[in-house]
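Enquirer: My questions will all concern the structure given below.
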Amino acid sequence: MAEVVLKDVRKTYAGGVEAVKGVSLDIPDGGFCVLVGPSGCGKSTLLRMIAGLETITAGSVAIGPRVVNDVEPADRDIAMVFQNYALYPHMSVYDNMAYGLKNRGTPKDEIDKRVKEAARILAIESFLARKPRALSGGQRQRVAMGRAIVRKPQVFLFDEPLSNLDAKLRVQMRVEIKRLQRALGVTSVYVTHDQVEAMTLSDKLVVMNAGNVEQVGLPNDVYKRPASRFVATFIGSPPMNIVPGIVEGDGRVAVGGHMLAVADMAPGLAPGTVLDVGLRPEDLEVSGGPGIRLPVDFVEELGATQLFHGKLDGAEMVVQAPTGAITSDTRQLTLTIDAAKVHLFDRDTGARRGR
Amino acid sequence: MVEKRRFGNLVPHLILLVGVSIVAFPVYLAFVASTHDAATIANGQMQPVPGPHFLENYYRTIFVGTSSSTREPVGTMMLNSFVMAMGIALGKILISIISAYAVVYFRFPFRMTAFWIIFVTLMLPVEVRIYPTYKIVADLGLIDTYAGLTMPLVASATGTLLFRQFFMTIPDELLEASKIDGAGAFRFFKDTVLPLSITTIAALFVIQFIYGWNQYLWPLLITTKDNMQTIVIGIKKMIVTQDALTEWQLAMATAVLAMLPPVVVVVLMQRLFVKGLVETEK
Ligand SMILES: Nc1ncnc2c1ncn2[C@@H]1O[C@H](COP(=O)(O)OP(=O)(O)OP(=O)(O)O)[C@@H](O)[C@H]1O
Ligand SMILES: [Mg+2]
């Protein structure tokens, strides 16, 4: 096993596109790091540089004690799972898994042992003789995982491995990947643009935007204390509401004509400063007394919860509550929020204005 | 509905049957003519049913040859044609798969230039460049050799283009997975590209075998000895201008024999075609 250390890694493609603009990252041995971000933010590019499939324009990538910038992918001791699985269509499942070992000159009986073992773990023993074409998407996904684990690599790399599966299977495979990674203890880097996957799988969450890292942290810390407006709206579903607010004094912000207490507020903000105030839909509560008054346009029923949609000072606002929890008039809600759950962001830069 | 369908199928089938008869009739006639003796054909008394001289005529054609014009037995001609057709088909597949692999998977200086030069040769079929090609082959002393027969026809762009188009459809991830699995350029070619190309190879083989087998102009120029001539040339030489001198039964037997190998190739390869189509998937 090994840690993965990136130092100011950059990538400029031949056409001049700067896909990764200086990323430094430290993934501990056995850690599960998830790179998440919108389409085109450079997640895959970063992963492919770790794999050695893309040259590194500047900076360094180290796996364990060794800088691997100029090492061939085969010699980096990594295994990769691709979005479309990239199974060899003309080889049986067994051969697909055995191929990498064969190329390394592993003895036949050792290959056999490892393939059988991996097949047992992944419950694909019964179709070792089949061709990938004769498998369902979920089974192919398992074979792709099997191909990665038989190699016993130092690092697993995943590029959106679940995005070709249907929703139910995705949840199931997500749990399995997590369990497998725990059991094997292999350092993993996982790319996704699904924030649920990102939250549930990672013990190190990296949110990327336009080639830069916006925030690195434990998934819960990122959720609770987003470092920027971008992260705030990207992590969490439904996304965080961003409404304009005016600084009234230390620890006080006016939103929609109502005064909110704020626990985490940068000192020295001049009264009258306009800020973006972030309020999570699930953190808003209906108040008995005074509060932010939100006229409700429509309600979405999600079964367990309800989403109340409205507009506050021209900004979209959503309130989430367990079904039936709101018994008052649902055409107009009066809302309050815990001071610890109010997030402030700079209007122009989007940076968090906290302590 | 079913009734209507059946009736609807009848007309197309009739049309197809008429088409097939038109195509098959001359072939049938050639076969019938190859089973009669010379006198019957010359007198115009030939019946449209096979005659009694099948074995005699074919034995003479294959092992002895005609008594005039070309005295070479057709067995030798078929061997020559076969060597030439196989040489062209296999040579073309080999050269074009390798060059297409280079053009698609390697980044080298003037890669696109190389590709366009290959592409341009499409506009220069043998007939256009026949004089310079003849001169070169003659200067190399390759007249009346198998090398002289095949080599100039091996060099062409069609195969390269075909394989290039096919390679472009192989997903990049397969190459990347191979790289991670420790396969270099040669292993990737041998273990992944080649097995996936079987259908394309089969298609190209069929096309090129028939192309090589049917060559007329080039073998006519490049062979001077009777024992180097191909079957297509042989047929031409058997048909003498004074009709009476032509041994029609032998010429017809030769024509029938000349048709057989391409038919065999198509029939055999068709199986592989379908098998390949069913079994591989990218
Ligand atoms: N081979 C290439 N040549 C030039 N530009 C490229 C190349 N590959 C990717 N890019 C560009 O680099 C940027 C980052 O691409 P990348 O594939 O890393 O995005 P991503 O975050 O993985 O997105 P997605 O979630 O859609 O997969 C994009 O703007 C893309 O257009
Ligand atoms: Mg991607």
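Going by the structure tokens order, chains are called A, B, ..., each with residues numbered from 1, while ligands are numbered from 1 in the order shown.
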Near chain A, meaning an atom within 9 Å, which residues of chain B appear when counting only C-alpha atoms? Write them as a list in words.
Expert: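 Residues passing the distance filter: Pro171, Asp172, Glu173, Leu174, Leu175, Glu176, Ala177, Ser178, Lys179, Ile180, Asp181, Gly182, Ala183, Arg187, Thr192, Pro195, Leu196, Glu279, Thr280, Glu281 and Lys282 of chain B.
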Enquirer: Since we have the selection now, will you write its residues out, keeping C-alpha atoms, as a PDB file, in the first residue's frame?
Expert:
```
ATOM      1  CA  PRO B 171     -12.420   2.570 -27.859  1.00  0.00           C
ATOM      2  CA  ASP B 172      -9.368   4.356 -26.465  1.00  0.00           C
ATOM      3  CA  GLU B 173     -10.077   2.833 -23.079  1.00  0.00           C
ATOM      4  CA  LEU B 174      -9.118  -0.586 -24.404  1.00  0.00           C
ATOM      5  CA  LEU B 175      -5.687   0.751 -25.281  1.00  0.00           C
ATOM      6  CA  GLU B 176      -5.436   2.410 -21.886  1.00  0.00           C
ATOM      7  CA  ALA B 177      -6.557  -0.713 -20.052  1.00  0.00           C
ATOM      8  CA  SER B 178      -3.916  -2.649 -21.996  1.00  0.00           C
ATOM      9  CA  LYS B 179      -1.270  -0.135 -21.043  1.00  0.00           C
ATOM     10  CA  ILE B 180      -2.162  -0.518 -17.381  1.00  0.00           C
ATOM     11  CA  ASP B 181      -2.229  -4.287 -17.801  1.00  0.00           C
ATOM     12  CA  GLY B 182       1.356  -4.088 -18.956  1.00  0.00           C
ATOM     13  CA  ALA B 183       0.859  -4.717 -22.666  1.00  0.00           C
ATOM     14  CA  ARG B 187       1.119  -7.171 -27.230  1.00  0.00           C
ATOM     15  CA  THR B 192      -6.452  -7.108 -28.709  1.00  0.00           C
ATOM     16  CA  PRO B 195      -8.578 -10.708 -32.550  1.00  0.00           C
ATOM     17  CA  LEU B 196     -10.993  -7.802 -32.906  1.00  0.00           C
ATOM     18  CA  GLU B 279     -19.205 -13.018 -31.538  1.00  0.00           C
ATOM     19  CA  THR B 280     -17.286  -9.796 -31.356  1.00  0.00           C
ATOM     20  CA  GLU B 281     -18.444  -6.561 -29.920  1.00  0.00           C
ATOM     21  CA  LYS B 282     -16.433  -3.507 -29.120  1.00  0.00           C
TER      22      LYS B 282
END
```
Enquirer: So that I can see what lies close to A:Arg353, please list as a list of chain:residue names the residues with an atom at most 9 Å from it, counting only C-alpha atoms and leaving out residues fewer than 5 positions away in the same chain.
Expert: A:Ala227, A:Ser228, A:Asp264, A:Met265, A:Ala266, A:Pro267, A:Leu269, A:Leu275, A:His343, A:Leu344, A:Phe345, A:Asp346
Enquirer: Which protein, DNA or RNA residues have an atom within 7 Å of ligand 1, counting only C-alpha atoms and all ligand atoms, as a list in words?
Expert: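 If we count only C-alpha atoms and all ligand atoms, the neighbours of ligand 1 turn out to be Tyr13, Ala14, Gly15, Val17, Glu18, Ala19, Gly37, Pro38, Ser39, Gly40, Cys41, Gly42, Lys43, Ser44, Thr45, Leu46, Thr192 and His193 of chain A.
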Enquirer: Point out the residue among A:Phe127, A:Val9, A:Asp159, A:Gln154 with the least atom-to-atom distance to ligand 2, counting only C-alpha atoms and all ligand atoms.
Expert: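 Nearest candidate to ligand 2 out of A:Phe127, A:Val9, A:Asp159, A:Gln154: A:Asp159.
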Enquirer: DSSP on the backbone, then: every residue of stretch 10-259 of chain B marked helix (DSSP H, G or I), written as a ChimeraX atom specification.
Expert: /B:10-33,38-42,54-64,74-105,111-123,130-139,146-154,158-169,172-180,185-196,198-213,217-222,226-228,231-238,243-245,248-259
Enquirer: Restricting the calculation to only C-alpha atoms, which member of A:Val213, A:Val222, A:Val93, A:Leu201 is positioned closest to A:Val20?
Expert: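 Counting only C-alpha atoms, the residue closest to A:Val20 is A:Val213.
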Enquirer: Need the shell around A:Leu122: protein/DNA/RNA residues with any atom at most 12 Å away, counting only C-alpha atoms. Skip same-chain ones fewer than 4 positions apart. Format as a list of chain:residue names?
Expert: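 Result of the neighbour search: A:Val115, A:Lys116, A:Glu117, A:Ala118, A:Ser126, A:Phe127, A:Leu128, A:Gly138, A:Gln139, A:Arg140, A:Gln141, A:Arg142, A:Val143, A:Ala144, A:Met145, A:Gly146, A:Arg147, A:Ala148, A:Ile149, A:Val150, A:Met173, A:Glu176, A:Ile177, A:Arg179, A:Leu180.
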Enquirer: What is the atom CA of A:Lys311-atom CA of A:Gly354 distance in Å, reported with one decimal?
Expert: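 Those two atoms sit 25.7 Å apart.
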Enquirer: Residues at most 10 Å from stretch 147-158 of chain B, counting only C-alpha atoms, excluding those fewer than 3 positions away in the same chain, as a PDB file with C-alpha atoms, in the first residue's frame?
Expert:
```pdb
ATOM      1  CA  ASN B  80      -0.077 -19.955 -60.525  1.00  0.00           C
ATOM      2  CA  SER B  81      -3.348 -18.127 -60.095  1.00  0.00           C
ATOM      3  CA  VAL B  83      -0.227 -18.396 -55.551  1.00  0.00           C
ATOM      4  CA  MET B  84      -0.803 -14.970 -57.057  1.00  0.00           C
ATOM      5  CA  ALA B  85      -4.225 -14.466 -55.453  1.00  0.00           C
ATOM      6  CA  MET B  86      -3.064 -15.693 -52.063  1.00  0.00           C
ATOM      7  CA  GLY B  87       0.102 -13.605 -52.305  1.00  0.00           C
ATOM      8  CA  ILE B  88      -1.873 -10.484 -53.088  1.00  0.00           C
ATOM      9  CA  ALA B  89      -4.544 -11.100 -50.450  1.00  0.00           C
ATOM     10  CA  LEU B  90      -2.193 -12.033 -47.621  1.00  0.00           C
ATOM     11  CA  GLY B  91       0.432  -9.459 -48.605  1.00  0.00           C
ATOM     12  CA  LYS B  92      -2.164  -6.722 -48.678  1.00  0.00           C
ATOM     13  CA  ILE B  93      -3.628  -7.694 -45.330  1.00  0.00           C
ATOM     14  CA  LEU B  94      -0.201  -7.824 -43.733  1.00  0.00           C
ATOM     15  CA  ILE B  95       1.000  -4.513 -45.111  1.00  0.00           C
ATOM     16  CA  SER B  96      -2.213  -2.623 -44.588  1.00  0.00           C
ATOM     17  CA  SER B  99       0.540   0.521 -41.675  1.00  0.00           C
ATOM     18  CA  ALA B 100      -2.934   1.328 -40.361  1.00  0.00           C
ATOM     19  CA  PHE B 115      -1.309   8.760 -44.344  1.00  0.00           C
ATOM     20  CA  TRP B 116      -2.087  11.129 -47.201  1.00  0.00           C
ATOM     21  CA  ILE B 117       0.638   9.636 -49.379  1.00  0.00           C
ATOM     22  CA  ILE B 118      -0.924   6.229 -48.835  1.00  0.00           C
ATOM     23  CA  PHE B 119      -4.313   7.743 -49.545  1.00  0.00           C
ATOM     24  CA  VAL B 120      -3.198   9.323 -52.825  1.00  0.00           C
ATOM     25  CA  THR B 121      -2.127   5.942 -54.226  1.00  0.00           C
ATOM     26  CA  LEU B 122      -5.840   5.150 -54.384  1.00  0.00           C
ATOM     27  CA  MET B 123      -5.937   7.369 -57.441  1.00  0.00           C
ATOM     28  CA  LEU B 124      -3.199   5.357 -59.128  1.00  0.00           C
ATOM     29  CA  PRO B 125      -4.479   1.857 -59.913  1.00  0.00           C
ATOM     30  CA  VAL B 126      -2.214  -0.607 -61.710  1.00  0.00           C
ATOM     31  CA  ARG B 129       1.067   3.278 -63.478  1.00  0.00           C
ATOM     32  CA  ILE B 130       1.558   0.209 -65.632  1.00  0.00           C
ATOM     33  CA  THR B 133       5.763  -0.467 -62.770  1.00  0.00           C
ATOM     34  CA  TYR B 134       6.651  -2.774 -65.644  1.00  0.00           C
ATOM     35  CA  ILE B 136      10.882  -1.444 -62.440  1.00  0.00           C
ATOM     36  CA  VAL B 137       9.830  -5.084 -62.271  1.00  0.00           C
ATOM     37  CA  ALA B 138      11.729  -5.837 -65.476  1.00  0.00           C
ATOM     38  CA  LEU B 140      14.718  -6.034 -61.024  1.00  0.00           C
ATOM     39  CA  GLY B 141      14.691  -9.205 -63.114  1.00  0.00           C
ATOM     40  CA  LEU B 142      11.327 -10.279 -61.732  1.00  0.00           C
ATOM     41  CA  ILE B 143       9.648 -11.127 -65.028  1.00  0.00           C
ATOM     42  CA  ASP B 144       8.203 -14.642 -64.940  1.00  0.00           C
ATOM     43  CA  LEU B 161      -8.047   2.768 -45.179  1.00  0.00           C
ATOM     44  CA  LEU B 162     -10.342  -0.076 -44.225  1.00  0.00           C
ATOM     45  CA  PHE B 163      -8.254  -1.022 -41.199  1.00  0.00           C
ATOM     46  CA  ARG B 164      -7.765   2.596 -40.207  1.00  0.00           C
ATOM     47  CA  LEU B 204     -10.499  -7.902 -47.028  1.00  0.00           C
ATOM     48  CA  GLN B 208      -8.479  -9.192 -52.434  1.00  0.00           C
ATOM     49  CA  TYR B 211      -9.230  -9.206 -57.153  1.00  0.00           C
ATOM     50  CA  GLY B 212      -5.963 -11.152 -57.437  1.00  0.00           C
ATOM     51  CA  GLN B 215      -6.141 -10.072 -62.681  1.00  0.00           C
ATOM     52  CA  TRP B 218      -0.691  -7.409 -65.272  1.00  0.00           C
ATOM     53  CA  PRO B 219      -0.057 -11.163 -65.634  1.00  0.00           C
ATOM     54  CA  LEU B 220      -0.390 -10.762 -69.384  1.00  0.00           C
ATOM     55  CA  LEU B 221       2.511  -8.307 -69.367  1.00  0.00           C
ATOM     56  CA  ILE B 222       4.719  -9.895 -66.801  1.00  0.00           C
ATOM     57  CA  THR B 223       4.581 -13.551 -67.813  1.00  0.00           C
ATOM     58  CA  MET B 228       3.957 -19.056 -65.443  1.00  0.00           C
ATOM     59  CA  GLN B 229       0.671 -17.976 -66.941  1.00  0.00           C
ATOM     60  CA  THR B 230      -2.460 -17.701 -64.862  1.00  0.00           C
TER      61      THR B 230
END
```
Enquirer: Name the residues in contact with A:Asp26 at a cut-off of 9 Å, using only C-alpha atoms, excluding same-chain residues fewer than 2 positions from it; report them as a ChimeraX atom specification.
Expert: /A:3-7,24,28
Enquirer: Write a file of the selected residues as a short mmCIF file (atom, residue, chain, number, x, y, z; two decimals), in the first residue's frame, keeping all heavy atoms.
Expert:
```
data_model
loop_
_atom_site.label_atom_id
_atom_site.label_comp_id
_atom_site.auth_asym_id
_atom_site.auth_seq_id
_atom_site.Cartn_x
_atom_site.Cartn_y
_atom_site.Cartn_z
N GLU A 3 0.87 5.85 0.02
CA GLU A 3 0.17 7.12 -0.05
C GLU A 3 0.41 7.73 -1.43
O GLU A 3 1.35 7.35 -2.14
CB GLU A 3 0.66 8.06 1.04
CG GLU A 3 2.16 8.27 1.02
CD GLU A 3 2.61 9.34 1.98
OE1 GLU A 3 1.74 9.95 2.62
OE2 GLU A 3 3.82 9.57 2.09
N VAL A 4 -0.46 8.66 -1.80
CA VAL A 4 -0.31 9.35 -3.09
C VAL A 4 -0.17 10.83 -2.80
O VAL A 4 -1.00 11.40 -2.07
CB VAL A 4 -1.54 9.09 -3.98
CG1 VAL A 4 -1.44 9.88 -5.28
CG2 VAL A 4 -1.69 7.61 -4.27
N VAL A 5 0.88 11.42 -3.31
CA VAL A 5 1.12 12.84 -3.04
C VAL A 5 1.24 13.61 -4.35
O VAL A 5 2.08 13.30 -5.19
CB VAL A 5 2.41 13.03 -2.21
CG1 VAL A 5 2.64 14.50 -1.95
CG2 VAL A 5 2.31 12.27 -0.89
N LEU A 6 0.38 14.59 -4.52
CA LEU A 6 0.45 15.45 -5.69
C LEU A 6 1.00 16.80 -5.27
O LEU A 6 0.55 17.36 -4.26
CB LEU A 6 -0.93 15.66 -6.32
CG LEU A 6 -1.81 14.44 -6.57
CD1 LEU A 6 -3.08 14.86 -7.30
CD2 LEU A 6 -1.07 13.40 -7.38
N LYS A 7 1.97 17.31 -6.03
CA LYS A 7 2.52 18.63 -5.71
C LYS A 7 2.35 19.56 -6.89
O LYS A 7 2.96 19.37 -7.92
CB LYS A 7 4.01 18.49 -5.36
CG LYS A 7 4.26 17.97 -3.96
CD LYS A 7 5.57 18.54 -3.38
CE LYS A 7 5.85 17.94 -2.01
NZ LYS A 7 6.58 16.66 -2.14
N SER A 24 -2.48 20.45 -5.39
CA SER A 24 -1.65 19.75 -4.42
C SER A 24 -2.56 18.95 -3.52
O SER A 24 -3.58 19.47 -3.06
CB SER A 24 -0.84 20.75 -3.59
OG SER A 24 0.05 21.45 -4.44
N PRO A 28 -3.63 9.78 2.19
CA PRO A 28 -2.90 8.87 3.07
C PRO A 28 -3.05 7.42 2.64
O PRO A 28 -3.98 7.07 1.90
CB PRO A 28 -3.55 9.11 4.43
CG PRO A 28 -4.91 9.63 4.12
CD PRO A 28 -4.81 10.37 2.84
#
```
Enquirer: List the neighbours of A:Val189 out to 9 Å using only C-alpha atoms; skip same-chain residues closer than 6 positions along the sequence, and give me the result as a ChimeraX atom specification.
Expert: /A:27,31-35,47,155-159
Enquirer: Those residues with N, CA, C and O atoms, as a compact mmCIF listing (two decimals), in the first residue's frame please?
Expert:
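Final output, again00.txt:
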```txt
# COMPACT_ATOMS: atom_id res chain seq x y z
N ILE A 27 -2.95 12.05 -0.23
CA ILE A 27 -3.91 11.00 0.10
C ILE A 27 -3.19 9.96 0.94
O ILE A 27 -2.24 9.34 0.48
N GLY A 31 -6.37 5.43 2.23
CA GLY A 31 -7.45 6.42 2.21
C GLY A 31 -8.34 6.27 0.99
O GLY A 31 -7.94 5.69 -0.02
N PHE A 32 -9.54 6.78 1.09
CA PHE A 32 -10.46 6.79 -0.04
C PHE A 32 -10.75 8.24 -0.39
O PHE A 32 -11.48 8.92 0.31
N CYS A 33 -10.12 8.69 -1.47
CA CYS A 33 -10.24 10.09 -1.86
C CYS A 33 -11.19 10.20 -3.04
O CYS A 33 -11.04 9.50 -4.03
N VAL A 34 -12.19 11.03 -2.92
CA VAL A 34 -13.13 11.21 -4.02
C VAL A 34 -12.95 12.61 -4.62
O VAL A 34 -12.95 13.61 -3.90
N LEU A 35 -12.75 12.64 -5.92
CA LEU A 35 -12.69 13.91 -6.65
C LEU A 35 -14.07 14.17 -7.22
O LEU A 35 -14.58 13.36 -7.98
N LEU A 47 -6.97 12.35 -12.59
CA LEU A 47 -6.89 10.91 -12.33
C LEU A 47 -5.99 10.23 -13.36
O LEU A 47 -5.17 9.38 -13.03
N VAL A 155 -2.57 1.28 -5.62
CA VAL A 155 -3.60 2.31 -5.71
C VAL A 155 -4.69 1.85 -6.68
O VAL A 155 -4.40 1.31 -7.75
N PHE A 156 -5.94 2.06 -6.29
CA PHE A 156 -7.08 1.88 -7.20
C PHE A 156 -7.48 3.24 -7.76
O PHE A 156 -7.60 4.20 -7.00
N LEU A 157 -7.72 3.29 -9.05
CA LEU A 157 -8.23 4.52 -9.65
C LEU A 157 -9.58 4.22 -10.28
O LEU A 157 -9.71 3.25 -11.03
N PHE A 158 -10.56 5.02 -9.97
CA PHE A 158 -11.90 4.81 -10.53
C PHE A 158 -12.32 6.06 -11.27
O PHE A 158 -12.28 7.14 -10.70
N ASP A 159 -12.73 5.91 -12.53
CA ASP A 159 -13.26 7.08 -13.24
C ASP A 159 -14.76 6.87 -13.49
O ASP A 159 -15.14 6.17 -14.42
```
Enquirer: If we count only C-alpha atoms, what is near stretch 288-298 of chain A at a cut-off of 10 Å, once residues fewer than 5 positions away on the same chain are taken out, given as a list in words?
Expert: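 That gives Ala254, Val255, Gly256, Gly257, His258, Met259, Leu260, Leu307, Phe308, His309, Gly310, Lys311, Leu312, Asp313, Met317, Val318, Val319, Ser328, Asp329, Thr330, Arg331, Gln332, Leu333, Thr334, Leu335, Thr336 and Ile337 of chain A.
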